>>> print(open('my_file.cif').read())   # mmCIF, C-alpha atoms
data_coords
#
loop_
_atom_site.label_atom_id
_atom_site.label_comp_id
_atom_site.auth_asym_id
_atom_site.auth_seq_id
_atom_site.Cartn_x
_atom_site.Cartn_y
_atom_site.Cartn_z
CA MET A 1 0.00 0.00 0.00
CA LYS A 2 1.22 3.51 -0.79
CA ILE A 3 0.04 6.55 1.15
CA ASN A 4 1.25 9.80 -0.40
CA ASP A 5 4.32 8.04 -1.81
CA ILE A 6 5.10 6.33 1.51
CA GLU A 7 5.10 2.54 1.16
CA TYR A 8 3.28 0.86 4.06
CA LYS A 9 2.58 -2.77 4.93
CA SER A 10 1.20 -4.55 8.00
CA ILE A 11 1.10 -8.22 8.99
CA GLU A 12 -0.89 -9.73 11.85
CA PRO A 13 1.09 -11.93 14.25
CA ASP A 14 0.78 -15.66 14.76
CA LYS A 15 -2.19 -16.43 17.04
CA SER A 16 0.20 -17.79 19.67
CA LEU A 17 1.55 -14.24 20.05
CA SER A 18 -1.80 -12.46 20.22
CA ASP A 19 -1.62 -11.78 23.97
CA PHE A 20 1.58 -9.81 23.46
CA VAL A 21 1.92 -8.61 19.86
CA GLU A 22 -0.57 -6.51 17.96
CA SER A 23 1.14 -6.30 14.58
CA PHE A 24 4.31 -6.22 12.51
CA TRP A 25 4.49 -3.31 10.08
CA MET A 26 6.83 -1.31 7.92
CA PHE A 27 7.09 1.94 6.05
CA HIS A 28 9.52 3.19 3.44
CA ASN A 29 10.02 6.74 2.21
CA PRO A 30 11.76 6.36 -1.18
CA ASN A 31 11.69 10.09 -1.86
CA CYS A 32 14.61 12.50 -1.69
CA THR A 33 12.64 14.78 0.62
CA ASP A 34 11.43 14.38 4.18
CA LYS A 35 7.75 13.72 4.86
CA GLN A 36 5.91 15.48 7.68
CA VAL A 37 3.23 13.46 9.49
CA VAL A 38 1.17 13.65 12.66
CA ILE A 39 1.31 10.68 15.02
CA LEU A 40 -1.84 9.95 17.01
CA PRO A 41 -2.03 8.03 20.31
CA ASP A 42 -2.95 4.37 19.77
CA GLY A 43 -2.07 2.56 23.01
CA ARG A 44 0.79 0.55 21.53
CA ILE A 45 4.41 0.11 22.55
CA ASP A 46 6.57 0.10 19.44
CA VAL A 47 10.06 -1.14 18.69
CA PHE A 48 11.43 0.46 15.51
CA PHE A 49 14.28 -0.95 13.43
CA SER A 50 15.37 1.86 11.11
CA GLN A 51 17.98 3.25 8.79
CA SER A 52 18.10 6.03 6.21
CA ALA A 53 20.46 7.68 3.75
CA THR A 54 21.69 9.94 6.56
CA GLU A 55 21.28 7.76 9.67
CA PRO A 56 22.84 4.35 10.41
CA PHE A 57 20.84 1.32 11.54
CA HIS A 58 19.32 1.87 14.98
CA ILE A 59 16.64 0.33 17.19
CA THR A 60 14.25 2.44 19.25
CA LEU A 61 11.70 1.60 21.93
CA LEU A 62 8.73 3.99 22.15
CA GLY A 63 6.48 4.11 25.19
CA ILE A 64 2.75 4.81 25.17
CA GLY A 65 1.77 8.12 23.61
CA THR A 66 -0.95 10.27 25.15
CA ASN A 67 -0.65 13.30 22.84
CA TYR A 68 -0.60 13.91 19.12
CA GLU A 69 2.90 14.61 17.86
CA GLN A 70 4.43 16.20 14.79
CA SER A 71 7.02 13.88 13.29
CA ILE A 72 9.28 13.61 10.26
CA ILE A 73 9.89 10.55 8.11
CA LYS A 74 13.31 11.29 6.74
CA ALA A 75 14.10 10.87 3.07
CA GLN A 76 15.05 7.37 1.96
CA THR A 77 14.13 5.85 5.31
CA THR A 78 13.17 2.23 5.84
CA THR A 79 11.58 1.23 9.15
CA PHE A 80 10.32 -2.17 10.25
CA ALA A 81 8.37 -2.23 13.51
CA ILE A 82 6.81 -4.50 16.09
CA SER A 83 3.79 -3.14 17.93
CA PHE A 84 3.37 -4.70 21.36
CA LYS A 85 0.53 -4.74 23.82
CA PRO A 86 1.56 -3.25 27.18
CA VAL A 87 1.84 -6.57 29.01
CA ALA A 88 4.69 -7.55 26.68
CA THR A 89 7.00 -5.02 28.32
CA GLU A 90 7.31 -7.21 31.39
CA ASP A 91 7.46 -10.69 29.90
CA LEU A 92 9.21 -10.12 26.56
CA LEU A 93 11.04 -6.79 26.57
CA LYS A 94 11.97 -6.93 30.26
CA GLN A 95 11.49 -3.18 30.42
CA ASN A 96 9.64 -0.82 32.73
CA ILE A 97 8.33 1.90 30.43
CA SER A 98 6.72 4.19 33.01
CA ASP A 99 9.38 6.82 32.28
CA LEU A 100 8.85 6.52 28.51
CA LEU A 101 5.38 8.12 28.37
CA ASN A 102 5.43 10.16 25.14
CA LYS A 103 9.12 9.36 24.81
CA GLY A 104 11.50 6.78 23.43
CA LYS A 105 14.95 5.41 24.01
CA ASN A 106 17.58 3.61 21.98
CA LEU A 107 18.07 -0.12 22.37
CA PRO A 108 21.34 -1.94 21.62
CA ASP A 109 21.98 -2.20 17.87
CA ASN A 110 22.11 -6.00 18.17
CA PHE A 111 18.83 -6.23 20.09
CA TRP A 112 17.34 -9.72 19.57
CA GLY A 113 20.07 -10.42 17.03
CA PHE A 114 18.78 -7.97 14.40
CA SER A 115 21.08 -6.16 11.99
CA PRO A 116 20.81 -3.86 8.93
CA LEU A 117 20.49 -6.95 6.72
CA ASP A 118 17.13 -7.71 8.31
CA LEU A 119 15.69 -4.56 6.69
CA LEU A 120 16.08 -6.08 3.24
CA ASP A 121 13.03 -8.38 3.45
CA PHE A 122 9.97 -7.57 5.56
CA GLU A 123 8.48 -11.08 5.53
CA LEU A 124 11.77 -12.63 6.67
CA PHE A 125 11.99 -9.96 9.35
CA CYS A 126 8.53 -10.96 10.63
CA LYS A 127 9.50 -14.64 10.68
CA LYS A 128 12.69 -13.91 12.62
CA ALA A 129 10.84 -11.68 15.08
CA THR A 130 8.15 -14.34 15.55
CA GLN A 131 10.73 -17.01 16.34
CA GLN A 132 12.50 -14.73 18.80
CA ILE A 133 9.28 -13.77 20.58
CA LYS A 134 8.14 -17.40 20.78
CA SER A 135 11.43 -18.28 22.48
CA LEU A 136 10.69 -15.64 25.14
CA LEU A 137 7.05 -16.48 25.83
CA PRO A 138 6.52 -17.15 29.54
CA ASN A 139 5.39 -20.59 30.64
CA ASP A 140 2.80 -19.07 32.95
CA ILE A 141 0.83 -15.89 32.23
CA ASP A 142 -0.76 -13.93 35.07
CA SER A 143 -4.43 -14.79 34.50
CA ARG A 144 -5.67 -11.49 35.94
CA LYS A 145 -3.52 -9.43 33.58
CA GLN A 146 -4.39 -11.65 30.64
CA LYS A 147 -8.12 -11.29 31.33
CA LEU A 148 -7.80 -7.55 32.01
CA PHE A 149 -6.16 -6.79 28.67
CA GLU A 150 -8.52 -9.14 26.85
CA LEU A 151 -11.49 -7.16 28.20
CA ILE A 152 -9.85 -3.82 27.49
CA TYR A 153 -9.11 -4.69 23.87
CA ASN A 154 -12.37 -6.51 23.14
CA SER A 155 -14.39 -3.55 24.44
CA ASN A 156 -12.18 -0.97 22.66
CA GLY A 157 -11.58 0.67 26.02
CA SER A 158 -15.27 1.32 26.63
CA MET A 159 -15.57 -0.57 29.94
CA THR A 160 -15.20 1.46 33.12
CA VAL A 161 -12.44 0.82 35.63
CA ALA A 162 -15.05 -0.43 38.10
CA GLU A 163 -16.45 -2.91 35.55
CA LEU A 164 -13.00 -4.21 34.69
CA SER A 165 -12.07 -4.51 38.35
CA GLU A 166 -15.18 -6.58 39.05
CA LYS A 167 -14.59 -8.88 36.06
CA VAL A 168 -10.97 -9.71 36.92
CA PHE A 169 -11.30 -9.72 40.74
CA TRP A 170 -8.59 -7.10 41.09
CA SER A 171 -9.21 -3.85 42.96
CA SER A 172 -9.31 -0.59 41.01
CA ARG A 173 -6.61 0.81 43.25
CA GLN A 174 -4.27 -2.11 42.58
CA ILE A 175 -4.92 -1.98 38.82
CA ASN A 176 -4.15 1.73 38.68
CA ARG A 177 -1.01 1.21 40.73
CA TYR A 178 0.07 -1.47 38.27
CA PHE A 179 -0.58 0.79 35.26
CA ASN A 180 1.17 3.78 36.78
CA GLN A 181 4.19 1.80 37.93
CA HIS A 182 4.70 -0.09 34.67
CA PHE A 183 3.29 2.13 31.92
CA GLY A 184 3.22 5.65 33.39
CA LEU A 185 -0.52 6.33 33.17
CA THR A 186 -3.83 5.28 34.74
CA LEU A 187 -6.06 2.53 33.41
CA LYS A 188 -8.75 5.10 32.58
CA ALA A 189 -6.30 7.17 30.54
CA TYR A 190 -5.25 4.06 28.65
CA CYS A 191 -8.84 3.03 27.97
CA ASN A 192 -9.61 6.55 26.69
CA ILE A 193 -6.80 6.16 24.14
CA LEU A 194 -8.16 2.83 22.89
CA ARG A 195 -11.68 4.23 22.67
CA PHE A 196 -10.35 7.20 20.70
CA ARG A 197 -8.37 4.88 18.44
CA SER A 198 -11.45 2.75 17.73
CA SER A 199 -13.11 5.90 16.34
CA PHE A 200 -10.43 6.39 13.65
CA GLN A 201 -12.17 4.38 10.95
CA HIS A 202 -15.60 5.88 11.69
CA ILE A 203 -14.18 9.40 11.40
CA LYS A 204 -12.19 8.51 8.29
CA ASP A 205 -15.41 7.20 6.73
CA GLY A 206 -17.12 10.52 7.48
CA ASN A 207 -19.13 9.42 10.51
CA LEU A 208 -18.51 12.33 12.86
CA PHE A 209 -20.80 11.11 15.62
CA PRO A 210 -19.67 8.78 18.44
CA GLU A 211 -20.15 5.05 17.98
CA GLN A 212 -18.27 4.08 21.13
CA ASN A 213 -19.20 4.70 24.76
CA PHE A 214 -18.99 8.51 24.86
CA ALA A 215 -21.45 10.41 27.06
CA ASP A 216 -22.64 12.62 24.19
CA GLN A 217 -21.49 14.45 21.05
CA ALA A 218 -19.81 17.21 23.05
CA HIS A 219 -17.81 14.66 25.05
CA PHE A 220 -16.79 12.90 21.84
CA ILE A 221 -15.55 16.13 20.24
CA LYS A 222 -13.68 17.09 23.42
CA GLU A 223 -11.89 13.73 23.64
CA VAL A 224 -10.96 13.70 19.95
CA LYS A 225 -9.61 17.26 20.13
CA LYS A 226 -7.65 16.42 23.29
CA LEU A 227 -5.89 13.44 21.71
CA ALA A 228 -5.73 14.53 18.05
CA GLY A 229 -5.36 18.28 18.38
CA VAL A 230 -8.33 18.85 16.05
CA ASN A 231 -12.06 18.15 16.10
CA PRO A 232 -13.58 15.13 14.25
CA LYS A 233 -14.45 17.17 11.16
CA GLN A 234 -10.89 18.44 10.82
CA LEU A 235 -9.49 14.99 11.55
CA ASN A 236 -11.62 13.57 8.74
CA LYS A 237 -9.66 15.73 6.29
CA ASN A 238 -6.59 13.70 7.25
CA ALA A 239 -4.23 16.69 7.14
CA ASN A 240 -0.57 15.61 7.30
CA ASP A 241 -1.60 11.96 7.25
CA ARG A 242 -3.01 11.85 10.77
CA PHE A 243 -4.34 8.39 10.01
#
>>> encode(input="my_file.cif", output="C-alpha cells")
Amino acid sequence: MKINDIEYKSIEPDKSLSDFVESFWMFHNPNCTDKQVVILPDGRIDVFFSQSATEPFHITLLGIGTNYEQSIIKAQTTTFAISFKPVATEDLLKQNISDLLNKGKNLPDNFWGFSPLDLLDFELFCKKATQQIKSLLPNDIDSRKQKLFELIYNSNGSMTVAELSEKVFWSSRQINRYFNQHFGLTLKAYCNILRFRSSFQHIKDGNLFPEQNFADQAHFIKEVKKLAGVNPKQLNKNANDRF
C-alpha cells in the first residue's frame, strides 16, 4: 500500500503471540525529501528498526503516547516495527516503560540479534521476530492481567475501571497502581486512548458522531480534540496523514 508516496505494509502476528503482539508493520520513504506526518495516540508500545540515507541502523523503543505529535519521516528511510501490547513489556522486553510516556529510548543495535540486513526483506523480518518472541514467551501468564487486557481490547476501552475490576477480581486501586508503575498512566487514561483509536475508521469514513461509549457528542468532540489536536471534522480531512 502507498500513502502519499510512503510505502506501508502490516502483517498480523501468529495467534500464539496475540496476547503480546498486535502487529508487525513497515514503512519506506523512497523520496529524496522528508515527509511530515502527525502521530496519534494508539495505546501501543513500538520497537522500531530503522535506517536512512543519513542515519545508520538503529533500534528504538517507544512508550505509550498520550498526545498527538508532529514527526518527520526522513528521506530514503526504511523502518520495520513490532507493535506490542503493554503486558509484553514485562514478559518479553523486560522493560519498565513508566518513564517513557510520550518518549522513546535507543536499544542496543544488536537487540534480539537484528542487523541492517534484516531490513532487506519484511516477511523474513517478521518470521525472525516471531521465532524470537516465541522463544521468550513465559510458561505461565498472570491470568488477571491476561483477562484484564482481553477485556480492554475486546471492548475498545469502553468498559469502566469499576467494571474491569469486578470482572478480573482485582481492585481498582491495585490496577491503577500497576498501570502507573509499569506504563506511566492510569487505566482510565489508557482506555480513553483505545476508545479514541477505535473511532479512527468511523471518522475517516465521514461518521462524525460517536459510535463508542462517549457520554454525548460534546464529550466525543472534546476527547478527539484532546488526543488529536483537532475536532472530528478536521481529523476527517486527514491533514498531514493523521491516520
>>> residues_near_point(input="my_file.cif", point="(18.5, 2.5, 22.7)", cutoff="7 Å", atoms="only C-alpha atoms", output="JSON, numbers by chain")
{"A": [59, 60, 61, 105, 106, 107, 108]}
>>> write_last_selection(input="my_file.cif", atoms="C-alpha atoms", output="PDB file, in the frame of the given file")
ATOM      1  CA  ILE A  59      16.640   0.330  17.190  1.00  0.00           C
ATOM      2  CA  THR A  60      14.250   2.440  19.250  1.00  0.00           C
ATOM      3  CA  LEU A  61      11.700   1.600  21.930  1.00  0.00           C
ATOM      4  CA  LYS A 105      14.950   5.410  24.010  1.00  0.00           C
ATOM      5  CA  ASN A 106      17.580   3.610  21.980  1.00  0.00           C
ATOM      6  CA  LEU A 107      18.070  -0.120  22.370  1.00  0.00           C
ATOM      7  CA  PRO A 108      21.340  -1.940  21.620  1.00  0.00           C
TER       8      PRO A 108
END
>>> closest_residue(input="my_file.cif", among="A:Thr66, A:Ser155, A:Ser18, A:Gln132", to="A:Leu101", atoms="only C-alpha atoms")
A:Thr66
>>> atom_distance(input="my_file.cif", atom1="atom CA of A:Asp46", atom2="atom CA of A:Phe84")
6.1 Å
>>> closest_residue(input="my_file.cif", among="A:Phe80, A:Ser71, A:Leu151, A:Asn156", to="A:Phe114", atoms="all atoms listed in the file")
A:Phe80
>>> closest_residue(input="my_file.cif", among="A:Ser198, A:Asn154, A:Gln181, A:Ser83", to="A:Gln95", atoms="only C-alpha atoms")
A:Gln181
>>> resolve_selection(input="my_file.cif", expression="the PyMOL selection byres ((chain A and resi 57) around 12)", output="ChimeraX atom specification")
/A:48-56,58-60,77-80,106-111,114-119
>>> closest_residue(input="my_file.cif", among="A:Ser199, A:Gln146, A:Thr130, A:Asn96", to="A:Ser23", atoms="all atoms listed in the file")
A:Thr130
>>> resolve_selection(input="my_file.cif", expression="the PyMOL selection byres ((chain A and resi 65) around 8)", output="list in words")
Leu40, Pro41, Asp42, Gly43, Arg44, Gly63, Ile64, Thr66, Asn67, Tyr68, Leu101, Asn102 and Lys103 of chain A
>>> closest_residue(input="my_file.cif", among="A:Leu235, A:Val87, A:Leu187, A:Ala228", to="A:His202", atoms="all atoms listed in the file")
A:Leu235
>>> atom_distance(input="my_file.cif", atom1="atom CA of A:Glu22", atom2="atom CA of A:Ile45")
9.5 Å
>>> residues_around(input="my_file.cif", residues="A:Phe169", least_positions_apart="4", cutoff="9 Å", atoms="only C-alpha atoms", output="NGL selection string")
:A and (144 or 164-165)
>>> write_last_selection(input="my_file.cif", atoms="C-alpha atoms", output="PDB file, in the coordinates of the input")
ATOM      1  CA  ARG A 144      -5.670 -11.490  35.940  1.00  0.00           C
ATOM      2  CA  LEU A 164     -13.000  -4.210  34.690  1.00  0.00           C
ATOM      3  CA  SER A 165     -12.070  -4.510  38.350  1.00  0.00           C
TER       4      SER A 165
END
>>> residues_near_point(input="my_file.cif", point="(-4.6, 17.2, 16.4)", cutoff="12 Å", atoms="only C-alpha atoms", output="JSON list (two decimals) with C-alpha atoms, in the coordinates of the input")
[["chain", "number", "residue", "atom", "x", "y", "z"],
["A", 37, "VAL", "CA", 3.23, 13.46, 9.49],
["A", 38, "VAL", "CA", 1.17, 13.65, 12.66],
["A", 39, "ILE", "CA", 1.31, 10.68, 15.02],
["A", 40, "LEU", "CA", -1.84, 9.95, 17.01],
["A", 41, "PRO", "CA", -2.03, 8.03, 20.31],
["A", 66, "THR", "CA", -0.95, 10.27, 25.15],
["A", 67, "ASN", "CA", -0.65, 13.30, 22.84],
["A", 68, "TYR", "CA", -0.60, 13.91, 19.12],
["A", 69, "GLU", "CA", 2.90, 14.61, 17.86],
["A", 70, "GLN", "CA", 4.43, 16.20, 14.79],
["A", 221, "ILE", "CA", -15.55, 16.13, 20.24],
["A", 222, "LYS", "CA", -13.68, 17.09, 23.42],
["A", 223, "GLU", "CA", -11.89, 13.73, 23.64],
["A", 224, "VAL", "CA", -10.96, 13.70, 19.95],
["A", 225, "LYS", "CA", -9.61, 17.26, 20.13],
["A", 226, "LYS", "CA", -7.65, 16.42, 23.29],
["A", 227, "LEU", "CA", -5.89, 13.44, 21.71],
["A", 228, "ALA", "CA", -5.73, 14.53, 18.05],
["A", 229, "GLY", "CA", -5.36, 18.28, 18.38],
["A", 230, "VAL", "CA", -8.33, 18.85, 16.05],
["A", 231, "ASN", "CA", -12.06, 18.15, 16.10],
["A", 232, "PRO", "CA", -13.58, 15.13, 14.25],
["A", 233, "LYS", "CA", -14.45, 17.17, 11.16],
["A", 234, "GLN", "CA", -10.89, 18.44, 10.82],
["A", 235, "LEU", "CA", -9.49, 14.99, 11.55],
["A", 236, "ASN", "CA", -11.62, 13.57, 8.74],
["A", 237, "LYS", "CA", -9.66, 15.73, 6.29],
["A", 238, "ASN", "CA", -6.59, 13.70, 7.25],
["A", 239, "ALA", "CA", -4.23, 16.69, 7.14],
["A", 240, "ASN", "CA", -0.57, 15.61, 7.30],
["A", 241, "ASP", "CA", -1.60, 11.96, 7.25],
["A", 242, "ARG", "CA", -3.01, 11.85, 10.77],
["A", 243, "PHE", "CA", -4.34, 8.39, 10.01]]
>>> closest_residue(input="my_file.cif", among="A:Asp19, A:Asp121, A:Asp14, A:Asp5", to="A:Lys85", atoms="all atoms listed in the file")
A:Asp19
>>> residues_around(input="my_file.cif", residues="A:Met159", least_positions_apart="6", cutoff="10 Å", atoms="only C-alpha atoms", output="list of chain:residue names")
A:Leu151, A:Ile152, A:Tyr153, A:Ser165, A:Lys188, A:Cys191, A:Asn192, A:Arg195, A:Asn213
>>> atom_distance(input="my_file.cif", atom1="atom CA of A:Ile11", atom2="atom CA of A:Phe24")
5.2 Å
>>> residues_around(input="my_file.cif", residues="A:Trp112", least_positions_apart="6", cutoff="10 Å", atoms="all atoms listed in the file", output="list in words")
Leu93, Lys128, Ala129, Gln132 and Ile133 of chain A
>>> residues_around(input="my_file.cif", residues="A:Phe179", least_positions_apart="6", cutoff="9 Å", atoms="all atoms listed in the file", output="list in words")
Ser98, Leu185, Thr186, Leu187 and Tyr190 of chain A
